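Here is the file query.txt (compact mmCIF, C-alpha atoms and all ligand atoms).
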```txt
# COMPACT_ATOMS: atom_id res chain seq x y z
CA MET A 1 131.31 156.91 -152.76
CA SER A 2 133.54 155.21 -155.29
CA ARG A 3 131.93 152.46 -157.28
CA SER A 4 134.25 149.49 -157.56
CA THR A 5 134.22 147.48 -160.77
CA LYS A 6 135.30 144.32 -158.98
CA THR A 7 132.54 142.29 -157.46
CA VAL A 8 132.51 140.01 -154.46
CA PRO A 9 129.62 137.62 -155.01
CA PHE A 10 127.63 136.49 -152.00
CA PHE A 11 128.50 132.91 -152.91
CA LYS A 12 130.51 131.00 -155.47
CA PRO A 13 130.64 127.19 -155.53
CA SER A 14 134.06 125.59 -155.25
CA ILE A 15 134.23 123.33 -158.31
CA GLY A 16 137.61 122.02 -159.33
CA ARG A 17 139.10 119.83 -162.04
CA ALA A 18 138.28 116.67 -160.13
CA GLU A 19 134.52 117.42 -160.15
CA ILE A 20 134.67 118.25 -163.88
CA SER A 21 136.50 115.06 -164.82
CA ALA A 22 134.18 112.98 -162.62
CA VAL A 23 131.21 114.31 -164.60
CA ILE A 24 132.98 113.64 -167.90
CA SER A 25 133.65 110.05 -166.84
CA VAL A 26 129.98 109.51 -166.07
CA MET A 27 129.01 111.01 -169.43
CA LYS A 28 131.37 108.63 -171.19
CA SER A 29 130.19 105.65 -169.15
CA GLY A 30 126.81 105.39 -170.86
CA TRP A 31 124.93 105.42 -167.53
CA LEU A 32 123.65 108.88 -166.53
CA THR A 33 120.85 108.30 -164.05
CA THR A 34 120.92 106.64 -160.62
CA GLY A 35 123.50 103.88 -160.64
CA PRO A 36 126.95 103.04 -159.34
CA GLU A 37 127.93 106.65 -158.58
CA ALA A 38 124.79 107.35 -156.55
CA MET A 39 125.18 104.09 -154.64
CA ALA A 40 128.86 104.79 -153.91
CA PHE A 41 128.00 108.36 -152.83
CA GLU A 42 125.42 106.99 -150.37
CA ARG A 43 127.92 104.53 -148.88
CA GLU A 44 130.67 107.13 -148.57
CA PHE A 45 128.29 109.69 -147.07
CA ALA A 46 127.11 107.14 -144.49
CA ASP A 47 130.75 106.40 -143.60
CA PHE A 48 131.42 110.11 -143.16
CA LEU A 49 128.39 110.52 -140.86
CA GLU A 50 129.53 107.70 -138.61
CA LEU A 51 132.85 109.42 -137.89
CA PRO A 52 134.57 109.18 -135.50
CA ASP A 53 132.77 106.23 -133.86
CA PRO A 54 129.06 105.42 -133.81
CA ALA A 55 129.45 103.99 -130.27
CA GLY A 56 127.30 100.94 -130.68
CA LYS A 57 124.43 102.80 -132.35
CA ARG A 58 122.56 101.23 -135.26
CA PRO A 59 124.18 102.06 -138.62
CA VAL A 60 123.10 105.10 -140.56
CA HIS A 61 121.26 104.33 -143.81
CA THR A 62 121.55 106.99 -146.49
CA LEU A 63 119.43 107.72 -149.54
CA SER A 64 120.50 110.18 -152.21
CA VAL A 65 117.70 112.38 -153.54
CA ASN A 66 117.34 115.19 -156.05
CA SER A 67 116.80 117.90 -153.39
CA ALA A 68 116.49 118.33 -149.65
CA THR A 69 112.87 119.33 -150.24
CA ALA A 70 112.28 115.89 -151.78
CA GLY A 71 114.10 114.27 -148.85
CA LEU A 72 111.99 116.12 -146.28
CA HIS A 73 108.83 115.10 -148.14
CA LEU A 74 109.94 111.46 -148.17
CA ALA A 75 110.75 111.67 -144.45
CA LEU A 76 107.34 112.94 -143.38
CA GLU A 77 105.59 110.50 -145.73
CA ALA A 78 107.51 107.61 -144.14
CA VAL A 79 106.50 108.84 -140.68
CA GLY A 80 102.89 108.57 -141.87
CA VAL A 81 102.03 112.27 -141.69
CA GLY A 82 98.60 113.11 -143.09
CA PRO A 83 95.58 115.43 -142.76
CA GLY A 84 94.83 116.42 -139.17
CA ASP A 85 98.48 116.19 -138.08
CA LEU A 86 100.53 119.13 -136.86
CA ILE A 87 104.25 119.42 -137.58
CA ALA A 88 106.30 121.85 -135.49
CA VAL A 89 108.61 124.00 -137.63
CA PRO A 90 110.54 127.20 -136.92
CA SER A 91 109.12 130.32 -138.51
CA LEU A 92 112.68 131.46 -139.25
CA THR A 93 113.46 129.06 -142.08
CA PHE A 94 113.19 128.57 -145.81
CA THR A 95 109.69 127.78 -147.02
CA ALA A 96 110.67 124.20 -147.99
CA THR A 97 110.72 123.20 -144.30
CA ALA A 98 107.01 123.98 -144.03
CA GLU A 99 105.73 123.36 -147.58
CA ILE A 100 106.35 119.62 -147.39
CA VAL A 101 103.91 119.51 -144.47
CA ARG A 102 101.25 120.88 -146.80
CA TYR A 103 102.16 118.36 -149.56
CA LEU A 104 100.79 115.73 -147.17
CA GLY A 105 97.69 117.69 -146.15
CA ALA A 106 98.99 118.32 -142.60
CA ASP A 107 99.49 121.73 -140.97
CA PRO A 108 102.66 123.39 -139.65
CA LEU A 109 102.79 124.60 -136.07
CA PHE A 110 105.08 127.61 -136.27
CA ILE A 111 107.59 128.11 -133.45
CA ASP A 112 109.58 131.20 -132.46
CA SER A 113 113.41 131.32 -132.35
CA GLU A 114 115.96 131.52 -129.57
CA SER A 115 117.68 134.88 -129.63
CA GLN A 116 121.33 133.84 -129.84
CA THR A 117 121.26 131.37 -132.73
CA GLY A 118 117.89 131.93 -134.41
CA ASN A 119 117.25 128.18 -134.12
CA MET A 120 113.85 126.86 -132.99
CA ASP A 121 113.40 127.79 -129.33
CA PRO A 122 112.85 124.64 -127.22
CA ASP A 123 110.87 126.61 -124.60
CA SER A 124 108.50 127.99 -127.24
CA LEU A 125 108.14 124.47 -128.66
CA LYS A 126 107.25 123.13 -125.20
CA LYS A 127 104.71 125.90 -124.63
CA ALA A 128 103.12 125.40 -128.06
CA VAL A 129 102.70 121.66 -127.43
CA GLU A 130 101.37 122.26 -123.88
CA LYS A 131 98.92 124.87 -125.15
CA LEU A 132 97.23 122.18 -127.27
CA GLY A 133 96.42 120.23 -124.10
CA VAL A 134 97.65 116.95 -122.59
CA SER A 135 95.23 114.73 -124.49
CA ASP A 136 95.95 116.38 -127.85
CA ASN A 137 98.28 114.14 -129.87
CA ARG A 138 98.13 115.97 -133.17
CA VAL A 139 101.82 116.98 -133.14
CA LYS A 140 103.33 114.10 -135.08
CA ALA A 141 106.78 115.47 -135.85
CA VAL A 142 109.11 118.37 -135.16
CA ILE A 143 111.57 119.73 -137.73
CA PRO A 144 114.45 121.58 -136.09
CA VAL A 145 116.56 123.50 -138.62
CA HIS A 146 120.28 123.91 -137.91
CA LEU A 147 120.21 127.50 -139.08
CA ALA A 148 123.37 128.73 -140.84
CA GLY A 149 125.06 125.47 -139.78
CA HIS A 150 124.82 126.18 -136.04
CA PRO A 151 123.60 122.88 -134.58
CA CYS A 152 120.33 123.04 -132.60
CA ASP A 153 120.31 122.03 -128.95
CA MET A 154 118.85 118.62 -129.75
CA LYS A 155 118.72 117.52 -126.11
CA ALA A 156 116.54 120.52 -125.27
CA ILE A 157 114.32 119.86 -128.32
CA ARG A 158 113.84 116.23 -127.26
CA LYS A 159 113.13 117.33 -123.68
CA ALA A 160 110.48 119.77 -124.90
CA ILE A 161 108.49 116.91 -126.46
CA GLU A 162 109.25 114.31 -123.76
CA GLY A 163 106.43 111.87 -123.15
CA LYS A 164 104.80 112.63 -126.51
CA ASP A 165 104.96 110.40 -129.57
CA VAL A 166 106.72 112.96 -131.75
CA THR A 167 109.23 112.05 -134.47
CA VAL A 168 112.26 114.31 -134.91
CA VAL A 169 113.18 115.11 -138.53
CA GLU A 170 116.28 117.31 -138.69
CA ASP A 171 116.44 119.84 -141.48
CA ALA A 172 120.22 119.68 -141.86
CA ALA A 173 120.21 121.58 -145.18
CA HIS A 174 122.79 124.02 -143.72
CA ALA A 175 124.64 121.61 -141.48
CA PHE A 176 127.21 119.52 -143.27
CA PRO A 177 129.62 118.66 -141.87
CA SER A 178 128.64 119.44 -138.29
CA GLU A 179 130.21 117.23 -135.69
CA THR A 180 128.60 117.70 -132.25
CA SER A 181 129.34 115.91 -128.96
CA GLU A 182 126.34 113.63 -129.69
CA GLY A 183 127.40 112.81 -133.26
CA MET A 184 126.96 114.44 -136.65
CA ALA A 185 124.04 116.81 -137.15
CA GLY A 186 121.52 114.97 -139.31
CA THR A 187 121.93 111.75 -137.28
CA LEU A 188 120.66 113.16 -133.99
CA GLY A 189 116.94 112.74 -134.62
CA ASP A 190 114.92 109.96 -136.29
CA ILE A 191 115.61 111.18 -139.83
CA GLY A 192 118.01 113.87 -141.08
CA VAL A 193 118.00 115.63 -144.45
CA PHE A 194 120.95 117.42 -146.09
CA SER A 195 120.94 119.76 -149.09
CA PHE A 196 123.47 119.91 -151.92
CA TYR A 197 121.86 122.92 -153.61
CA ALA A 198 124.35 125.12 -155.48
CA THR A 199 125.03 127.45 -152.53
CA LYS A 200 125.35 124.78 -149.85
CA THR A 201 128.51 123.65 -148.04
CA ILE A 202 128.97 120.81 -150.50
CA THR A 203 127.04 120.76 -153.75
CA THR A 204 125.81 118.56 -156.57
CA GLY A 205 124.07 121.50 -158.31
CA GLU A 206 120.74 120.23 -157.03
CA GLY A 207 120.53 117.31 -154.65
CA GLY A 208 120.24 116.03 -151.12
CA MET A 209 120.78 113.11 -148.81
CA VAL A 210 118.48 111.50 -146.27
CA ALA A 211 119.93 109.68 -143.25
CA THR A 212 118.17 107.44 -140.77
CA ARG A 213 118.99 104.62 -138.36
CA ASN A 214 115.40 103.37 -138.56
CA PRO A 215 115.12 100.47 -141.08
CA VAL A 216 111.33 100.87 -141.41
CA TYR A 217 111.61 104.51 -142.43
CA GLU A 218 114.51 103.61 -144.70
CA ALA A 219 112.54 100.93 -146.54
CA ARG A 220 109.53 103.20 -147.03
CA MET A 221 111.64 106.11 -148.27
CA ARG A 222 113.56 103.82 -150.64
CA LEU A 223 110.29 102.60 -152.13
CA MET A 224 108.72 106.05 -152.41
CA ARG A 225 111.87 107.69 -153.81
CA LEU A 226 111.30 105.99 -157.16
CA HIS A 227 107.65 105.64 -158.14
CA GLY A 228 106.85 102.97 -155.52
CA ILE A 229 108.59 100.43 -157.76
CA ASP A 230 109.88 97.39 -155.91
CA ARG A 231 113.22 97.19 -157.78
CA VAL A 232 115.84 99.83 -158.48
CA VAL A 233 116.32 100.91 -162.09
CA TRP A 234 120.02 100.09 -161.98
CA ASN A 235 119.11 96.49 -161.27
CA ARG A 236 116.54 96.51 -164.05
CA TYR A 237 118.62 97.85 -166.93
CA SER A 238 122.31 97.37 -166.25
CA LYS A 239 124.32 94.46 -167.50
CA ASN A 240 124.21 93.30 -163.88
CA ALA A 241 120.41 93.00 -164.23
CA GLU A 242 119.08 90.29 -162.00
CA SER A 243 116.39 89.11 -164.45
CA ARG A 244 114.06 90.50 -167.13
CA SER A 245 114.21 94.28 -166.96
CA TRP A 246 110.48 94.82 -167.51
CA GLU A 247 109.48 92.67 -164.59
CA TYR A 248 108.72 94.92 -161.68
CA ASP A 249 105.76 95.70 -159.48
CA VAL A 250 104.35 99.01 -158.24
CA THR A 251 103.35 98.77 -154.61
CA ALA A 252 102.68 102.45 -153.81
CA PRO A 253 102.10 105.78 -155.64
CA GLY A 254 105.70 106.94 -155.21
CA PHE A 255 107.61 110.02 -156.28
CA LYS A 256 110.50 110.77 -158.69
CA TYR A 257 113.13 111.87 -156.21
CA ASN A 258 116.24 109.88 -157.17
CA MET A 259 119.67 111.48 -157.70
CA SER A 260 121.40 111.11 -161.10
CA ASP A 261 124.88 109.62 -161.37
CA LEU A 262 126.01 112.93 -162.93
CA ALA A 263 125.11 114.74 -159.70
CA ALA A 264 126.42 111.96 -157.45
CA ALA A 265 129.82 112.02 -159.20
CA ILE A 266 130.17 115.70 -158.24
CA GLY A 267 128.98 114.90 -154.72
CA ARG A 268 131.59 112.17 -154.21
CA ILE A 269 134.42 114.59 -154.96
CA GLN A 270 132.87 117.34 -152.85
CA LEU A 271 132.51 114.88 -149.98
CA LYS A 272 136.23 114.09 -150.14
CA ARG A 273 136.88 117.84 -149.91
CA ALA A 274 134.28 118.50 -147.18
CA ASP A 275 136.73 118.81 -144.28
CA ASN A 276 139.02 121.15 -146.22
CA LEU A 277 136.10 123.27 -147.41
CA LEU A 278 134.91 123.56 -143.80
CA ARG A 279 138.40 124.59 -142.70
CA GLU A 280 138.38 127.40 -145.27
CA ARG A 281 134.94 128.62 -144.19
CA ARG A 282 135.99 128.50 -140.54
CA THR A 283 139.11 130.56 -141.26
CA LEU A 284 136.95 133.20 -142.94
CA ALA A 285 134.47 133.16 -140.04
CA VAL A 286 137.23 133.56 -137.44
CA ARG A 287 138.68 136.48 -139.40
CA TYR A 288 135.28 138.21 -139.67
CA LYS A 289 134.82 137.77 -135.93
CA GLU A 290 138.26 139.09 -135.03
CA GLN A 291 137.95 142.13 -137.26
CA LEU A 292 134.35 143.08 -136.54
CA THR A 293 134.27 142.38 -132.83
CA ASP A 294 134.82 145.95 -131.60
CA ILE A 295 132.00 147.58 -133.58
CA PRO A 296 129.42 148.85 -131.08
CA ASP A 297 125.96 147.26 -131.31
CA LEU A 298 127.00 144.79 -134.01
CA GLU A 299 126.08 141.24 -133.03
CA LEU A 300 128.26 138.42 -134.38
CA PRO A 301 127.40 134.71 -134.56
CA ASP A 302 128.57 132.28 -131.86
CA ASP A 303 131.26 129.83 -132.94
CA ALA A 304 129.61 126.76 -131.43
CA PRO A 305 131.38 123.39 -131.61
CA GLY A 306 130.23 121.70 -134.79
CA HIS A 307 129.29 124.92 -136.56
CA ALA A 308 129.30 124.11 -140.29
CA TRP A 309 129.61 127.82 -141.18
CA HIS A 310 127.23 127.64 -144.12
CA LEU A 311 126.36 131.26 -143.39
CA PHE A 312 127.93 134.12 -141.44
CA ILE A 313 124.98 136.17 -140.19
CA ILE A 314 125.63 139.51 -138.50
CA ARG A 315 122.96 141.62 -136.81
CA THR A 316 122.80 145.39 -136.73
CA ARG A 317 120.99 147.57 -134.16
CA ASN A 318 117.88 147.98 -136.31
CA ARG A 319 116.41 147.30 -139.71
CA GLY A 320 117.25 150.72 -141.13
CA LEU A 321 120.92 150.19 -140.41
CA ARG A 322 120.83 146.67 -141.88
CA ASP A 323 119.28 147.92 -145.11
CA HIS A 324 121.73 150.83 -145.28
CA LEU A 325 124.68 148.46 -144.76
CA ALA A 326 123.39 146.07 -147.46
CA ASP A 327 123.07 149.04 -149.85
CA GLU A 328 126.58 150.29 -149.08
CA LEU A 329 128.05 146.82 -149.64
CA ALA A 330 126.07 146.43 -152.87
CA GLY A 331 127.40 149.82 -153.97
CA GLU A 332 130.89 148.39 -153.64
CA GLY A 333 129.92 145.29 -155.59
CA ILE A 334 129.73 143.09 -152.50
CA GLY A 335 126.83 140.62 -152.37
CA THR A 336 124.85 139.90 -149.19
CA SER A 337 121.62 138.12 -148.35
CA VAL A 338 119.04 137.73 -145.58
CA HIS A 339 118.33 134.37 -143.94
CA PHE A 340 115.46 134.46 -143.68
CA ILE A 341 112.36 136.59 -144.06
CA PRO A 342 110.36 134.48 -141.58
CA LEU A 343 107.43 132.43 -142.81
CA HIS A 344 104.98 134.40 -140.67
CA ARG A 345 105.74 137.34 -142.99
CA MET A 346 105.09 135.39 -146.20
CA THR A 347 101.73 135.92 -147.91
CA TYR A 348 100.72 132.27 -148.15
CA TRP A 349 101.67 131.23 -144.61
CA LYS A 350 100.44 134.47 -143.06
CA SER A 351 97.00 134.28 -144.63
CA GLN A 352 96.53 130.50 -144.49
CA TYR A 353 97.28 130.34 -140.74
CA GLU A 354 96.42 133.94 -139.72
CA LEU A 355 99.93 134.39 -138.33
CA ASN A 356 100.74 137.48 -136.31
CA PRO A 357 104.35 138.74 -136.04
CA LEU A 358 103.67 139.55 -132.38
CA ASN A 359 103.57 135.81 -131.71
CA PHE A 360 107.12 135.45 -133.09
CA PRO A 361 108.90 138.37 -131.42
CA ILE A 362 112.40 136.90 -131.53
CA ALA A 363 112.33 135.53 -135.09
CA ASP A 364 110.71 138.76 -136.29
CA ASP A 365 113.34 140.94 -134.63
CA LEU A 366 116.30 138.81 -135.78
CA ALA A 367 115.11 138.74 -139.37
CA GLN A 368 114.86 142.53 -139.55
CA ARG A 369 118.41 143.05 -138.30
CA SER A 370 120.20 140.14 -139.98
CA LEU A 371 122.60 140.26 -142.90
CA SER A 372 124.52 137.28 -144.30
CA LEU A 373 128.03 138.15 -145.48
CA PRO A 374 130.03 136.46 -148.28
CA LEU A 375 131.51 133.22 -146.89
CA TRP A 376 132.79 130.68 -149.38
CA PRO A 377 135.97 128.73 -149.96
CA GLY A 378 138.02 130.75 -152.41
CA LEU A 379 136.93 134.16 -151.08
CA SER A 380 140.25 135.97 -151.08
CA ARG A 381 141.78 137.68 -148.05
CA LYS A 382 141.74 140.91 -150.05
CA ASN A 383 138.04 140.71 -150.85
CA GLN A 384 137.18 139.79 -147.29
CA ARG A 385 139.25 142.77 -146.10
CA ARG A 386 137.31 145.04 -148.49
CA THR A 387 134.04 143.68 -147.14
CA ILE A 388 135.17 144.32 -143.55
CA GLU A 389 136.34 147.84 -144.44
CA VAL A 390 132.95 148.77 -145.91
CA ILE A 391 131.19 147.40 -142.82
CA ARG A 392 133.51 149.34 -140.47
CA ARG A 393 133.15 152.54 -142.47
CA THR A 394 129.35 152.26 -142.63
CA LEU A 395 128.87 151.38 -138.97
CA HIS A 396 131.69 153.72 -137.83
CA GLY A 397 133.51 150.85 -136.14
C1 LIG B 1 116.66 125.43 -144.20
C2 LIG B 1 116.44 124.84 -145.56
N1 LIG B 1 115.72 123.71 -145.67
C3 LIG B 1 115.50 123.12 -146.87
C4 LIG B 1 115.99 123.67 -148.02
C5 LIG B 1 115.70 123.01 -149.33
O1 LIG B 1 116.85 122.54 -149.94
P1 LIG B 1 116.82 122.08 -151.48
O2 LIG B 1 117.00 123.31 -152.30
O3 LIG B 1 117.95 121.11 -151.62
O4 LIG B 1 115.51 121.42 -151.72
C6 LIG B 1 116.75 124.83 -147.97
C7 LIG B 1 117.29 125.43 -149.21
O5 LIG B 1 117.83 126.47 -149.27
C8 LIG B 1 116.97 125.45 -146.71
O6 LIG B 1 117.67 126.59 -146.60
```
Target format structure tokens, applied to this file:
Amino acid sequence: MSRSTKTVPFFKPSIGRAEISAVISVMKSGWLTTGPEAMAFEREFADFLELPDPAGKRPVHTLSVNSATAGLHLALEAVGVGPGDLIAVPSLTFTATAEIVRYLGADPLFIDSESQTGNMDPDSLKKAVEKLGVSDNRVKAVIPVHLAGHPCDMKAIRKAIEGKDVTVVEDAAHAFPSETSEGMAGTLGDIGVFSFYATKTITTGEGGMVATRNPVYEARMRLMRLHGIDRVVWNRYSKNAESRSWEYDVTAPGFKYNMSDLAAAIGRIQLKRADNLLRERRTLAVRYKEQLTDIPDLELPDDAPGHAWHLFIIRTRNRGLRDHLADELAGEGIGTSVHFIPLHRMTYWKSQYELNPLNFPIADDLAQRSLSLPLWPGLSRKNQRRTIEVIRRTLHG
């Protein structure tokens, strides 16, 4: 096997001159932390989410935060989650989806996946809630994750918890922009949380956005985002300051989850580019599908309407073949990843909740056979062709 010197990274962020000059402008402005850029980013993001027409719904409120993990924590705190509560989460997700449940002293209720998308299976959710018994109201929230950017069947999720007082918090870390027939992913539940981590579909390096139409949740999250202080720092220190900067009250033990203007300035440019970046990812996804479709026993992702194509996850016949393929690609300098090793296989979650892989047969199977291929705006035709060639050669397609 020839070892190529050229590498195809699994991911590379698309940062252009506009992002760089936006950051320089903020640095020159004298105001680095949360301020006009963060506020403008929130407004513009809310406008984007309302596209094409909110159809008489209440407006979306948006709050920029310094990570999706922070946003998810704020969301559950606003819902009033605490010890004794259960929060339904998929086992096939990143640990952040479940860890925030523990921050608040509550416990996750792990749910298996549906086989086609890997998303939380509504039937398994229904069964898990029914198993607790009709009079058991411990399930306070459910966190569907739009895995890889493939939107969850939100109608089926809502149906599974019908008649129960369960709040829906969407983990939309992978799902921007994802326009479904019901609206944008992240606005389909009670609260939605997006991630702008370095590898996400749009990035601020680290960062996130929370969206909700519920003004009570919005007010609580706004307060808790910054120390439980009843005024925003921008109002306290800027030349627009309403009154004496030191006069503020603390009304709750809040967190430090605000987004800096440096990050928001990057986010505003990335947001303007979001549709074009999606178009590029979709072109790559279509090409992978066209050129890998005839390989026997290789499963390819569905191209659902509204797919954000954060990840392109293929599935081989078995784990041995997946590992072999990953090794062959790595040997050619081509990066891949696995999304995800399910939480029921992670030491902390497994031991804390005595989780057994046999109770998550679909998620367990998918995770062993899955491989995420390079998919990022700027990935050249040539490098994608090389990636496809190595896959075809290895799997004899
Ligand atoms: C499904 C999912 N949820 C939440 C997160 C957390 O995002 P962040 O890194 O912005 O906190 C991630 C990050 O990769 C994720 O993949």
For this session: Quote the spacing between CA of Ser370 (chain A) and CA of His339 (chain A) in Å to one decimal place.
Result: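 Spanning CA of Ser370 (chain A) to CA of His339 (chain A) is a straight-line distance of 7.2 Å.
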Exercise. So how many Å separate CA of Ala78 (chain A) and CA of Phe176 (chain A), to one decimal?
Worked result: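 Distance between the two atoms: 23.0 Å.
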For this session: Excluding region 95-100 of chain A and residues on its chain fewer than 5 positions from it, collect all residues at most 10 Å away from it, counting only C-alpha atoms, and give them as an MDAnalysis selection string.
Result: chainID A and resid 68:77 87:90 105:110 143:145 170:171 173 340:343 346 349
Exercise. Which residues, written as a list in words, have at least one atom at most 6 Å from region 184-196 of chain A, with all atoms listed in the file counted and residues fewer than 4 positions away on the same chain left out?
Worked result: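 So, after excluding close chain neighbours, the residues are Leu49, Ala68, Val168, Val169, Glu170, Asp171, Ala172, Ala173, Ser178, Glu179, Thr180, Lys200, Ile202, Thr203, Thr204, Glu206, Gly207, Gly208, Met209, Val210, Ala211 and Thr212 of chain A.
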Problem set entry | Close residues, region 131-133 of chain A itself excluded, 12 Å, only C-alpha atoms, min 5 positions apart in chain, as an NGL selection string | :A and (86 or 109 or 124-126 or 138-139 or 164)
For this session: Kindly give the distance, in Å, that separates atom P1 of ligand LIG 1 (chain B) and CA of Arg282 (chain A), rounded to a single decimal.
Result: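 Result for atom P1 of ligand LIG 1 (chain B) versus CA of Arg282 (chain A): 23.0 Å, one decimal.
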For this session: Excluding Met27 (chain A) and any residue of its chain fewer than 4 positions from it, enumerate the residues within 12 Å of it, using all atoms listed in the file, and give them as a list in words.
Result: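 Returned residues: Ile20, Ser21, Ala22, Val23, Trp31, Leu32, Thr33, Glu37, Ser260, Asp261, Leu262, Ala263 and Ala265 of chain A.
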Problem set entry | Distance query region 353-368 of chain A at most 8 Å, all atoms listed in the file, self and fewer than 2 positions along chain excluded, as number ranges by chain | A: 91-92, 111-115, 118, 315, 318-319, 322, 338-342, 344-345, 349-351, 370
Problem set entry | Residue with smallest distance to Ala285 (chain A) - pool A:Pro374, A:Pro122, A:Gly254, A:Gly331, counting all atoms listed in the file | A:Pro374
Problem set entry | Protein and nucleic acid residues near (117.8, 105.0, -155.9) (cut-off 10 Å, all atoms listed in the file) as number ranges by chain | A: 33-36, 38-39, 42, 63-65, 221-226, 231-234, 256-260
For this session: Find, counting all atoms listed in the file, the residue in A:Ser14, A:Asn119, A:Ser25, A:Ser67 that gets nearest to ligand LIG 1 (chain B).
Result: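 That would be A:Ser67, the residue with the smallest distance to ligand LIG 1 (chain B).
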Seminar exercise, completed: Counting all atoms listed in the file, closest pick from A:Ala252, A:Ala274, A:Met120, A:Ala326 relative to Pro177 (chain A) is A:Ala274
Problem set entry | From A:Thr167, A:Ile266, A:Arg317, A:Leu278, residue lying nearest Ile24 (chain A) [only C-alpha atoms] |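 Closest to Ile24 (chain A) of all the choices is A:Ile266.
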For this session: May I ask which of the residues A:Asn383, A:Pro296, A:Tyr348, A:Tyr103 is the closest one to Gly335 (chain A), counting all atoms listed in the file?
Result: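 Of the candidates, the smallest distance to Gly335 (chain A) is held by A:Asn383.
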Problem set entry | Selected residue, from A:Thr201, A:Asn66, A:Thr117, A:Ser245, that lies nearest to Leu300 (chain A) when counting all atoms listed in the file | A:Thr117
Emit as JSON the padded axis-aligned box for all listed atoms of region 303-312 of chain A, 6 Å per side, with centre and edge lengths in Å to one decimal.
```
{"center_x": 128.9, "center_y": 127.9, "center_z": -137.8, "size_x": 17.0, "size_y": 24.4, "size_z": 24.7}
```
For this session: Show me as a ChimeraX atom specification the residues that reach within 8 Å of (124.3, 131.2, -141.8), counting only C-alpha atoms and using the file's own coordinates.
Result: /A:147-150,174,309-313,339,372
Could region 350-365 of chain A be completed with N, CA and C atoms and written as a PDB file, keeping the file's coordinate frame, please?
```pdb
ATOM      1  N   LYS A 350     101.101 133.466-143.899  1.00  0.00           N
ATOM      2  CA  LYS A 350     100.440 134.470-143.060  1.00  0.00           C
ATOM      3  C   LYS A 350      98.930 134.369-143.178  1.00  0.00           C
ATOM      4  N   SER A 351      98.459 134.274-144.440  1.00  0.00           N
ATOM      5  CA  SER A 351      97.000 134.280-144.630  1.00  0.00           C
ATOM      6  C   SER A 351      96.396 132.911-144.328  1.00  0.00           C
ATOM      7  N   GLN A 352      97.074 131.842-144.705  1.00  0.00           N
ATOM      8  CA  GLN A 352      96.530 130.500-144.490  1.00  0.00           C
ATOM      9  C   GLN A 352      96.350 130.209-142.998  1.00  0.00           C
ATOM     10  N   TYR A 353      97.294 130.674-142.179  1.00  0.00           N
ATOM     11  CA  TYR A 353      97.280 130.340-140.740  1.00  0.00           C
ATOM     12  C   TYR A 353      97.082 131.563-139.845  1.00  0.00           C
ATOM     13  N   GLU A 354      96.688 132.686-140.456  1.00  0.00           N
ATOM     14  CA  GLU A 354      96.420 133.940-139.720  1.00  0.00           C
ATOM     15  C   GLU A 354      97.547 134.227-138.714  1.00  0.00           C
ATOM     16  N   LEU A 355      98.772 134.219-139.210  1.00  0.00           N
ATOM     17  CA  LEU A 355      99.930 134.390-138.330  1.00  0.00           C
ATOM     18  C   LEU A 355     100.147 135.866-138.016  1.00  0.00           C
ATOM     19  N   ASN A 356     100.515 136.118-136.773  1.00  0.00           N
ATOM     20  CA  ASN A 356     100.740 137.480-136.310  1.00  0.00           C
ATOM     21  C   ASN A 356     102.202 137.614-135.855  1.00  0.00           C
ATOM     22  N   PRO A 357     102.941 138.581-136.422  1.00  0.00           N
ATOM     23  CA  PRO A 357     104.350 138.740-136.040  1.00  0.00           C
ATOM     24  C   PRO A 357     104.543 138.871-134.522  1.00  0.00           C
ATOM     25  N   LEU A 358     103.530 139.384-133.828  1.00  0.00           N
ATOM     26  CA  LEU A 358     103.670 139.550-132.380  1.00  0.00           C
ATOM     27  C   LEU A 358     103.830 138.203-131.664  1.00  0.00           C
ATOM     28  N   ASN A 359     103.409 137.139-132.312  1.00  0.00           N
ATOM     29  CA  ASN A 359     103.570 135.810-131.710  1.00  0.00           C
ATOM     30  C   ASN A 359     104.955 135.203-131.979  1.00  0.00           C
ATOM     31  N   PHE A 360     105.759 135.916-132.773  1.00  0.00           N
ATOM     32  CA  PHE A 360     107.120 135.450-133.090  1.00  0.00           C
ATOM     33  C   PHE A 360     108.113 136.587-132.859  1.00  0.00           C
ATOM     34  N   PRO A 361     108.126 137.137-131.634  1.00  0.00           N
ATOM     35  CA  PRO A 361     108.900 138.370-131.420  1.00  0.00           C
ATOM     36  C   PRO A 361     110.386 138.207-131.695  1.00  0.00           C
ATOM     37  N   ILE A 362     110.950 137.060-131.351  1.00  0.00           N
ATOM     38  CA  ILE A 362     112.400 136.900-131.530  1.00  0.00           C
ATOM     39  C   ILE A 362     112.736 136.730-133.012  1.00  0.00           C
ATOM     40  N   ALA A 363     112.060 135.782-133.657  1.00  0.00           N
ATOM     41  CA  ALA A 363     112.330 135.530-135.090  1.00  0.00           C
ATOM     42  C   ALA A 363     112.106 136.806-135.898  1.00  0.00           C
ATOM     43  N   ASP A 364     111.041 137.549-135.551  1.00  0.00           N
ATOM     44  CA  ASP A 364     110.710 138.760-136.290  1.00  0.00           C
ATOM     45  C   ASP A 364     111.809 139.811-136.134  1.00  0.00           C
ATOM     46  N   ASP A 365     112.277 139.965-134.904  1.00  0.00           N
ATOM     47  CA  ASP A 365     113.340 140.940-134.630  1.00  0.00           C
ATOM     48  C   ASP A 365     114.644 140.534-135.326  1.00  0.00           C
TER      49      ASP A 365
END
```
